[in-house]
Amino acid sequence: MSYNKEEKLQKYAELLVKVGMNVQKDQRVFIRATVDAKDFVHLIVEEAYKAGSSDVKVSYADDRLAQLNFQYRDQSAFEKVPQYLIDERMDYARDYAAQLALISSSPENLKDADPAKVAANMKAYGAGFKEYMKMMQSDQFSWTVAAYPSPAWAKLVFPELEEAEAFDKLLDAILESVRMNEADPVQAWVEHNDNLHAKADYLNQKAYVALHYTAPGTDLKVGLPKGHIWSGASSINKDGTSFMANMPTEEVFTVPHKDEVNGTVSSTLPLSYGGNIIDEFTLTFKDGVVVEYDAKVGKDILEGLLNSDENAKRLGEVALVPHDSPISNSKILYYNTLFDENASCHLALGSAYPFCIEGGKEMNDEELAAHGLNNSITHEDFMIGSAEMNISGITADGQEEAIFVNGNWAF
């Protein structure tokens with residue numbers, strides 16, 4: 001069965017509510033979006049109420065207002081998040097509301113902003129929403145990150161097209177990435193979820209002690225903590241309800257040991273961070289910490305990321321994504337981590353997910369650190385995979401077994 005665009009958007013909204021957030025009867029919902037997406041947000045809100053939500057709150061941002069704020073406000077204005085913004089989001093989080101972040105902003109929205117202001121802003125938001133991030137990364141509530149185009153983002157992805165045509169092309173690509181072109185998108189997600197969980201089950205049975213990455217510009221060993229858990233696709237919140245944290249998603253991921261990362265890794269796709277692009281960068285680790293770094297584009301922005309706090313130079317996630325995957329095969333560079341990370345193996349600087357270690361959801365920060373998990377106010381994925389990437393798992397007796405060969409699963 002094929003749908004026209006209006007029907008696809010309606011089905012997409014339904015998918016985000018029923019499969020992404022999996023909204024339950026009488027559950028509250030908190031949505032973050034930009035004004036570019038307001039018409040689509042209306043569809044999501046209605047679907048959430050149809051699913052039985054008792055309260056759907058939408059918090060809108062405006063990209064042009066953000067540009068003006070960074071242009072005219074002093075740096076001191078970006079060094080603290082207004083308490084009312086934290087209180088509002090935490091009111092919903094502590095009530096275990098389902099959360100949706102709908103991404104539309106251009107990855108270059110703040111490219112002309114003072115890097116010092118951008119760094120201060122990102123650090124302030126990381127610190128201000130640390131409790132929220134801890135609840136989210138422990139799967140206390142259902143949360144989903146998804147996307148809808150803005151004209152500026154579409155023009156960045158398809159610069160050769162007129163704005164309206166670029167918008168439609170990006171929308172089509174987003175819809176295809178979340179399997180809206182399948183006859184039954186919900187069933188397609190069930191099957192995709194099962195496939196990713198099968199990969200995670202295999203890796204959990206292996207219980208490797210480390211991973212070894214090799215590719216042009218990359219030779220990196222990443223230790224894995226004892227009791228680590230590989231996850232993929234759906235997660236489970238504190239009430240036992242399943243949800244999809246990312247739509248799209250193609251990854252299987254776990255936590256690295258924060259003190260056992262050594263070697264050099266090179267990026268393979270641009271990273272959008274704080275409304276800016278960081279590209280062609282390398283990081284060298286010693287005993288878990290970045291000791292050298294360089295970038296051909298956005299080095300000052302990368303420096304700000306690495307200095308977010310004392311643990312931003314350590315890793316919090318390792319994720320495996322085959323090069324032969326739908327987003328990679330589309331040959332579209334989105335300049336957006338939600339999509340580009342699902343076209344490429346990636347790592348994340350910053351905090352680790354507690355649910356990726358046995359008993360982690362019940363551990364405090366000190367216990368998590370004792371098990372090797374990193375704690376930071378930031379969590380930023382960056383892409384390292386390619387068709388030339390090989391990854392092996394290192395067993396307890398020091399043997400190396402192929403996990404990825406030439407960018408794809410070896411099993």
# chains A, B, ... in the order shown; residues from 1 in each chain; ligands from 1

call {"tool": "residues_around", "arguments": {"residues": "Tyr84 (chain A)", "least_positions_apart": "6", "cutoff": "12 Å", "atoms": "only C-alpha atoms", "output": "ChimeraX atom specification"}}
result
/A:90-91,128-129

call {"tool": "write_last_selection", "arguments": {"atoms": "all heavy atoms", "output": "PDB file, in the first residue's frame"}}
result
ATOM      1  N   MET A  90      11.764  19.308  34.115  1.00  0.00           N
ATOM      2  CA  MET A  90      11.882  18.346  35.204  1.00  0.00           C
ATOM      3  C   MET A  90      10.526  17.996  35.812  1.00  0.00           C
ATOM      4  O   MET A  90      10.342  16.888  36.332  1.00  0.00           O
ATOM      5  CB  MET A  90      12.823  18.876  36.280  1.00  0.00           C
ATOM      6  CG  MET A  90      14.292  18.862  35.888  1.00  0.00           C
ATOM      7  SD  MET A  90      14.870  17.232  35.338  1.00  0.00           S
ATOM      8  CE  MET A  90      14.501  16.232  36.786  1.00  0.00           C
ATOM      9  N   ASP A  91       9.566  18.906  35.744  1.00  0.00           N
ATOM     10  CA  ASP A  91       8.224  18.607  36.228  1.00  0.00           C
ATOM     11  C   ASP A  91       7.648  17.425  35.466  1.00  0.00           C
ATOM     12  O   ASP A  91       7.025  16.523  36.042  1.00  0.00           O
ATOM     13  CB  ASP A  91       7.314  19.831  36.081  1.00  0.00           C
ATOM     14  CG  ASP A  91       5.893  19.555  36.539  1.00  0.00           C
ATOM     15  OD1 ASP A  91       5.684  19.386  37.752  1.00  0.00           O
ATOM     16  OD2 ASP A  91       4.994  19.484  35.677  1.00  0.00           O
ATOM     17  N   GLY A 128      22.910  22.329  33.670  1.00  0.00           N
ATOM     18  CA  GLY A 128      21.548  22.603  34.110  1.00  0.00           C
ATOM     19  C   GLY A 128      20.619  21.409  33.989  1.00  0.00           C
ATOM     20  O   GLY A 128      19.736  21.206  34.821  1.00  0.00           O
ATOM     21  N   PHE A 129      20.831  20.612  32.955  1.00  0.00           N
ATOM     22  CA  PHE A 129      19.949  19.475  32.710  1.00  0.00           C
ATOM     23  C   PHE A 129      20.622  18.142  33.049  1.00  0.00           C
ATOM     24  O   PHE A 129      20.235  17.096  32.533  1.00  0.00           O
ATOM     25  CB  PHE A 129      19.474  19.479  31.252  1.00  0.00           C
ATOM     26  CG  PHE A 129      18.481  20.565  30.962  1.00  0.00           C
ATOM     27  CD1 PHE A 129      18.881  21.736  30.325  1.00  0.00           C
ATOM     28  CD2 PHE A 129      17.165  20.443  31.347  1.00  0.00           C
ATOM     29  CE1 PHE A 129      17.972  22.749  30.062  1.00  0.00           C
ATOM     30  CE2 PHE A 129      16.242  21.444  31.093  1.00  0.00           C
ATOM     31  CZ  PHE A 129      16.645  22.611  30.449  1.00  0.00           C
TER      32      PHE A 129
END

call {"tool": "residues_around", "arguments": {"residues": "region 306-316 of chain A", "least_positions_apart": "3", "cutoff": "9 Å", "atoms": "only C-alpha atoms", "output": "PyMOL selection string"}}
result
chain A and resi 119-120+122-123+126+254-259+261+285+288-291+301-303+347-353+373-380

call {"tool": "write_last_selection", "arguments": {"atoms": "N, CA, C and O atoms", "output": "compact mmCIF listing (two decimals), in the first residue's frame"}}
result
# COMPACT_ATOMS: atom_id res chain seq x y z
N ALA A 119 30.32 27.60 23.41
CA ALA A 119 30.88 26.70 24.42
C ALA A 119 30.24 26.93 25.78
O ALA A 119 29.89 25.98 26.50
N ALA A 120 30.06 28.19 26.14
CA ALA A 120 29.43 28.52 27.43
C ALA A 120 28.00 28.02 27.48
O ALA A 120 27.55 27.48 28.50
N MET A 122 26.59 25.51 25.70
CA MET A 122 26.53 24.05 25.75
C MET A 122 26.89 23.53 27.14
O MET A 122 26.28 22.60 27.66
N LYS A 123 27.89 24.16 27.75
CA LYS A 123 28.30 23.76 29.10
C LYS A 123 27.20 24.04 30.12
O LYS A 123 26.91 23.21 30.98
N GLY A 126 24.41 21.53 29.67
CA GLY A 126 24.82 20.23 30.20
C GLY A 126 24.72 20.17 31.71
O GLY A 126 24.24 19.19 32.28
N THR A 254 27.14 -0.25 23.41
CA THR A 254 27.40 -0.55 24.81
C THR A 254 28.30 0.53 25.40
O THR A 254 28.57 1.54 24.75
N VAL A 255 28.77 0.30 26.62
CA VAL A 255 29.64 1.26 27.30
C VAL A 255 31.10 0.82 27.22
O VAL A 255 31.39 -0.37 27.36
N PRO A 256 32.02 1.74 27.00
CA PRO A 256 33.44 1.44 27.12
C PRO A 256 33.89 1.61 28.57
O PRO A 256 33.18 2.23 29.37
N HIS A 257 35.06 1.07 28.90
CA HIS A 257 35.65 1.36 30.20
C HIS A 257 36.35 2.70 30.10
O HIS A 257 37.21 2.91 29.25
N LYS A 258 36.00 3.61 30.97
CA LYS A 258 36.45 5.00 30.86
C LYS A 258 37.96 5.16 30.95
O LYS A 258 38.51 6.16 30.46
N ASP A 259 38.67 4.19 31.53
CA ASP A 259 40.12 4.31 31.72
C ASP A 259 40.92 3.43 30.77
O ASP A 259 42.15 3.38 30.86
N VAL A 261 40.98 3.20 27.13
CA VAL A 261 40.93 3.55 25.71
C VAL A 261 42.31 4.07 25.32
O VAL A 261 42.81 5.02 25.93
N PHE A 285 43.98 8.93 22.35
CA PHE A 285 43.66 8.60 23.75
C PHE A 285 44.83 7.90 24.42
O PHE A 285 45.55 7.11 23.80
N GLY A 288 42.38 6.24 28.51
CA GLY A 288 41.00 6.71 28.51
C GLY A 288 40.80 8.18 28.23
O GLY A 288 39.66 8.61 27.98
N VAL A 289 41.85 8.98 28.23
CA VAL A 289 41.72 10.43 28.11
C VAL A 289 42.27 10.92 26.78
O VAL A 289 43.32 10.45 26.32
N VAL A 290 41.58 11.87 26.13
CA VAL A 290 42.10 12.50 24.93
C VAL A 290 43.32 13.33 25.31
O VAL A 290 43.22 14.27 26.11
N VAL A 291 44.46 12.99 24.75
CA VAL A 291 45.70 13.72 25.05
C VAL A 291 46.15 14.59 23.88
O VAL A 291 46.96 15.50 24.05
N ILE A 301 35.64 24.77 18.16
CA ILE A 301 34.39 24.19 18.66
C ILE A 301 34.67 22.84 19.31
O ILE A 301 34.14 22.51 20.37
N LEU A 302 35.54 22.03 18.67
CA LEU A 302 35.95 20.75 19.25
C LEU A 302 36.62 20.95 20.60
O LEU A 302 36.36 20.21 21.55
N GLU A 303 37.46 21.97 20.70
CA GLU A 303 38.12 22.26 21.97
C GLU A 303 37.10 22.57 23.05
O GLU A 303 37.22 22.12 24.20
N LEU A 347 31.48 6.57 18.15
CA LEU A 347 31.82 6.64 19.56
C LEU A 347 31.15 7.88 20.13
O LEU A 347 30.70 8.74 19.37
N ALA A 348 31.10 7.97 21.44
CA ALA A 348 30.56 9.19 22.06
C ALA A 348 31.50 9.66 23.15
O ALA A 348 31.94 8.88 24.01
N LEU A 349 31.81 10.95 23.11
CA LEU A 349 32.51 11.60 24.20
C LEU A 349 31.51 11.94 25.29
O LEU A 349 30.41 12.40 25.02
N GLY A 350 31.91 11.70 26.55
CA GLY A 350 31.06 12.13 27.65
C GLY A 350 30.43 10.98 28.41
O GLY A 350 31.02 9.91 28.58
N SER A 351 29.20 11.19 28.84
CA SER A 351 28.56 10.28 29.79
C SER A 351 28.19 8.94 29.18
O SER A 351 27.92 8.83 27.99
N ALA A 352 28.15 7.91 30.04
CA ALA A 352 27.78 6.56 29.66
C ALA A 352 26.33 6.29 30.05
O ALA A 352 25.77 6.94 30.92
N TYR A 353 25.74 5.29 29.38
CA TYR A 353 24.37 4.88 29.69
C TYR A 353 24.39 3.82 30.80
O TYR A 353 24.89 2.71 30.58
N LEU A 373 32.29 3.26 34.26
CA LEU A 373 31.43 4.11 33.43
C LEU A 373 31.76 5.58 33.64
O LEU A 373 31.96 6.03 34.78
N ASN A 374 31.76 6.33 32.56
CA ASN A 374 32.09 7.75 32.61
C ASN A 374 30.87 8.58 33.00
O ASN A 374 29.73 8.27 32.64
N ASN A 375 31.12 9.68 33.70
CA ASN A 375 30.07 10.60 34.13
C ASN A 375 30.45 12.00 33.68
O ASN A 375 31.50 12.52 34.06
N SER A 376 29.61 12.61 32.85
CA SER A 376 29.91 13.93 32.29
C SER A 376 28.62 14.67 32.03
O SER A 376 27.54 14.07 31.96
N ILE A 377 28.72 15.98 31.86
CA ILE A 377 27.53 16.77 31.53
C ILE A 377 27.24 16.72 30.03
O ILE A 377 26.22 17.24 29.57
N THR A 378 28.13 16.11 29.24
CA THR A 378 27.91 16.03 27.80
C THR A 378 27.85 14.57 27.35
O THR A 378 28.30 13.66 28.05
N HIS A 379 27.25 14.35 26.20
CA HIS A 379 27.27 13.05 25.52
C HIS A 379 27.14 13.37 24.03
O HIS A 379 26.07 13.74 23.56
N GLU A 380 28.25 13.24 23.31
CA GLU A 380 28.27 13.68 21.92
C GLU A 380 28.84 12.58 21.03
O GLU A 380 30.01 12.22 21.12

call {"tool": "atom_distance", "arguments": {"atom1": "CA of Glu362 (chain A)", "atom2": "CA of Met135 (chain A)"}}
result
11.2 Å

call {"tool": "residues_around", "arguments": {"residues": "Asp112 (chain A)", "least_positions_apart": "3", "cutoff": "9 Å", "atoms": "only C-alpha atoms", "output": "list in words"}}
result
Gln67, Phe70, Gln71, Glu108, Asn109, Pro115 and Asn276 of chain A

call {"tool": "closest_residue", "arguments": {"among": "A:Val190, A:Val318, A:Leu68, A:Leu269", "to": "Ser234 (chain A)", "atoms": "only C-alpha atoms"}}
result
A:Val190

call {"tool": "closest_residue", "arguments": {"among": "A:Gln10, A:Ser150, A:Thr249, A:Thr218", "to": "Ser328 (chain A)", "atoms": "only C-alpha atoms"}}
result
A:Thr249

call {"tool": "residues_around", "arguments": {"residues": "Asp300 (chain A)", "least_positions_apart": "5", "cutoff": "9 Å", "atoms": "only C-alpha atoms", "output": "PDB file with N, CA and C atoms, in the first residue's frame"}}
result
ATOM      1  N   PRO A 115      32.426  31.430  19.168  1.00  0.00           N
ATOM      2  CA  PRO A 115      32.637  30.088  19.724  1.00  0.00           C
ATOM      3  C   PRO A 115      32.650  30.057  21.248  1.00  0.00           C
ATOM      4  N   ALA A 116      33.104  31.132  21.876  1.00  0.00           N
ATOM      5  CA  ALA A 116      33.125  31.176  23.340  1.00  0.00           C
ATOM      6  C   ALA A 116      31.704  31.179  23.902  1.00  0.00           C
ATOM      7  N   ILE A 278      32.023  20.395  12.920  1.00  0.00           N
ATOM      8  CA  ILE A 278      33.400  19.965  13.171  1.00  0.00           C
ATOM      9  C   ILE A 278      33.689  18.849  12.179  1.00  0.00           C
ATOM     10  N   ALA A 295      41.601  19.211  14.123  1.00  0.00           N
ATOM     11  CA  ALA A 295      40.466  19.242  13.212  1.00  0.00           C
ATOM     12  C   ALA A 295      40.737  20.245  12.103  1.00  0.00           C
ATOM     13  N   LEU A 305      34.015  21.488  23.180  1.00  0.00           N
ATOM     14  CA  LEU A 305      33.369  20.228  23.542  1.00  0.00           C
ATOM     15  C   LEU A 305      34.239  19.430  24.507  1.00  0.00           C
TER      16      LEU A 305
END

call {"tool": "select_by_dssp", "arguments": {"residues": "region 113-317 of chain A", "states": "strand (DSSP E or B)", "output": "JSON, numbers by chain"}}
result
{"A": [143, 144, 145, 146, 147, 210, 211, 212, 213, 214, 215, 218, 219, 220, 221, 222, 223, 228, 231, 232, 234, 235, 236, 242, 243, 244, 246, 252, 253, 254, 261, 262, 263, 264, 265, 266, 271, 272, 273, 276, 277, 278, 279, 280, 281, 282, 283, 284, 285, 286, 289, 290, 291, 292, 293, 294, 295, 296, 297, 315, 316, 317]}

call {"tool": "residues_around", "arguments": {"residues": "His212 (chain A)", "least_positions_apart": "3", "cutoff": "8 Å", "atoms": "only C-alpha atoms", "output": "list in words"}}
result
Asp219, Leu220, Lys221, Val222, Ile391, Ser392, Gly393 and Ile394 of chain A

call {"tool": "write_last_selection", "arguments": {"atoms": "all heavy atoms", "output": "short mmCIF file (atom, residue, chain, number, x, y, z; two decimals), in the first residue's frame"}}
result
data_model
loop_
_atom_site.label_atom_id
_atom_site.label_comp_id
_atom_site.auth_asym_id
_atom_site.auth_seq_id
_atom_site.Cartn_x
_atom_site.Cartn_y
_atom_site.Cartn_z
N ASP A 219 43.68 3.45 14.74
CA ASP A 219 44.15 2.22 15.39
C ASP A 219 43.87 2.43 16.87
O ASP A 219 44.60 3.12 17.58
CB ASP A 219 45.64 2.00 15.14
CG ASP A 219 46.12 0.64 15.65
OD1 ASP A 219 45.34 -0.04 16.36
OD2 ASP A 219 47.27 0.25 15.35
N LEU A 220 42.77 1.86 17.32
CA LEU A 220 42.23 2.19 18.66
C LEU A 220 41.80 0.92 19.37
O LEU A 220 41.12 0.07 18.79
CB LEU A 220 41.03 3.13 18.52
CG LEU A 220 40.43 3.69 19.81
CD1 LEU A 220 41.34 4.77 20.39
CD2 LEU A 220 39.04 4.26 19.55
N LYS A 221 42.19 0.80 20.63
CA LYS A 221 41.70 -0.28 21.48
C LYS A 221 40.81 0.31 22.58
O LYS A 221 41.21 1.26 23.25
CB LYS A 221 42.85 -1.08 22.08
CG LYS A 221 43.53 -2.00 21.07
CD LYS A 221 44.50 -2.97 21.74
CE LYS A 221 45.09 -3.94 20.71
NZ LYS A 221 46.05 -4.89 21.33
N VAL A 222 39.63 -0.28 22.72
CA VAL A 222 38.65 0.20 23.69
C VAL A 222 38.31 -0.94 24.64
O VAL A 222 37.73 -1.95 24.23
CB VAL A 222 37.37 0.69 22.98
CG1 VAL A 222 36.33 1.14 24.02
CG2 VAL A 222 37.68 1.81 22.01
N ILE A 391 36.86 -4.33 12.80
CA ILE A 391 36.74 -4.32 14.26
C ILE A 391 36.81 -5.76 14.74
O ILE A 391 36.12 -6.64 14.22
CB ILE A 391 35.41 -3.69 14.73
CG1 ILE A 391 35.21 -2.30 14.13
CG2 ILE A 391 35.35 -3.62 16.25
CD1 ILE A 391 33.83 -1.73 14.38
N SER A 392 37.65 -5.99 15.73
CA SER A 392 37.72 -7.32 16.32
C SER A 392 37.39 -7.24 17.80
O SER A 392 37.62 -6.22 18.45
CB SER A 392 39.10 -7.94 16.13
OG SER A 392 40.11 -7.12 16.67
N GLY A 393 36.82 -8.33 18.31
CA GLY A 393 36.57 -8.45 19.74
C GLY A 393 37.71 -9.22 20.37
O GLY A 393 38.15 -10.25 19.83
N ILE A 394 38.21 -8.73 21.49
CA ILE A 394 39.31 -9.39 22.18
C ILE A 394 38.74 -10.20 23.34
O ILE A 394 38.02 -9.67 24.19
CB ILE A 394 40.34 -8.36 22.68
CG1 ILE A 394 40.88 -7.53 21.50
CG2 ILE A 394 41.47 -9.05 23.42
CD1 ILE A 394 41.83 -6.41 21.92
#

call {"tool": "closest_residue", "arguments": {"among": "A:Lys50, A:Lys299, A:Lys331, A:Lys57", "to": "Lys25 (chain A)", "atoms": "only C-alpha atoms"}}
result
A:Lys50

call {"tool": "atom_distance", "arguments": {"atom1": "CA of Asn4 (chain A)", "atom2": "CA of Met247 (chain A)"}}
result
20.8 Å

call {"tool": "closest_residue", "arguments": {"among": "A:Asp114, A:Glu165, A:Glu260, A:Asp201", "to": "Gly304 (chain A)", "atoms": "only C-alpha atoms"}}
result
A:Asp114
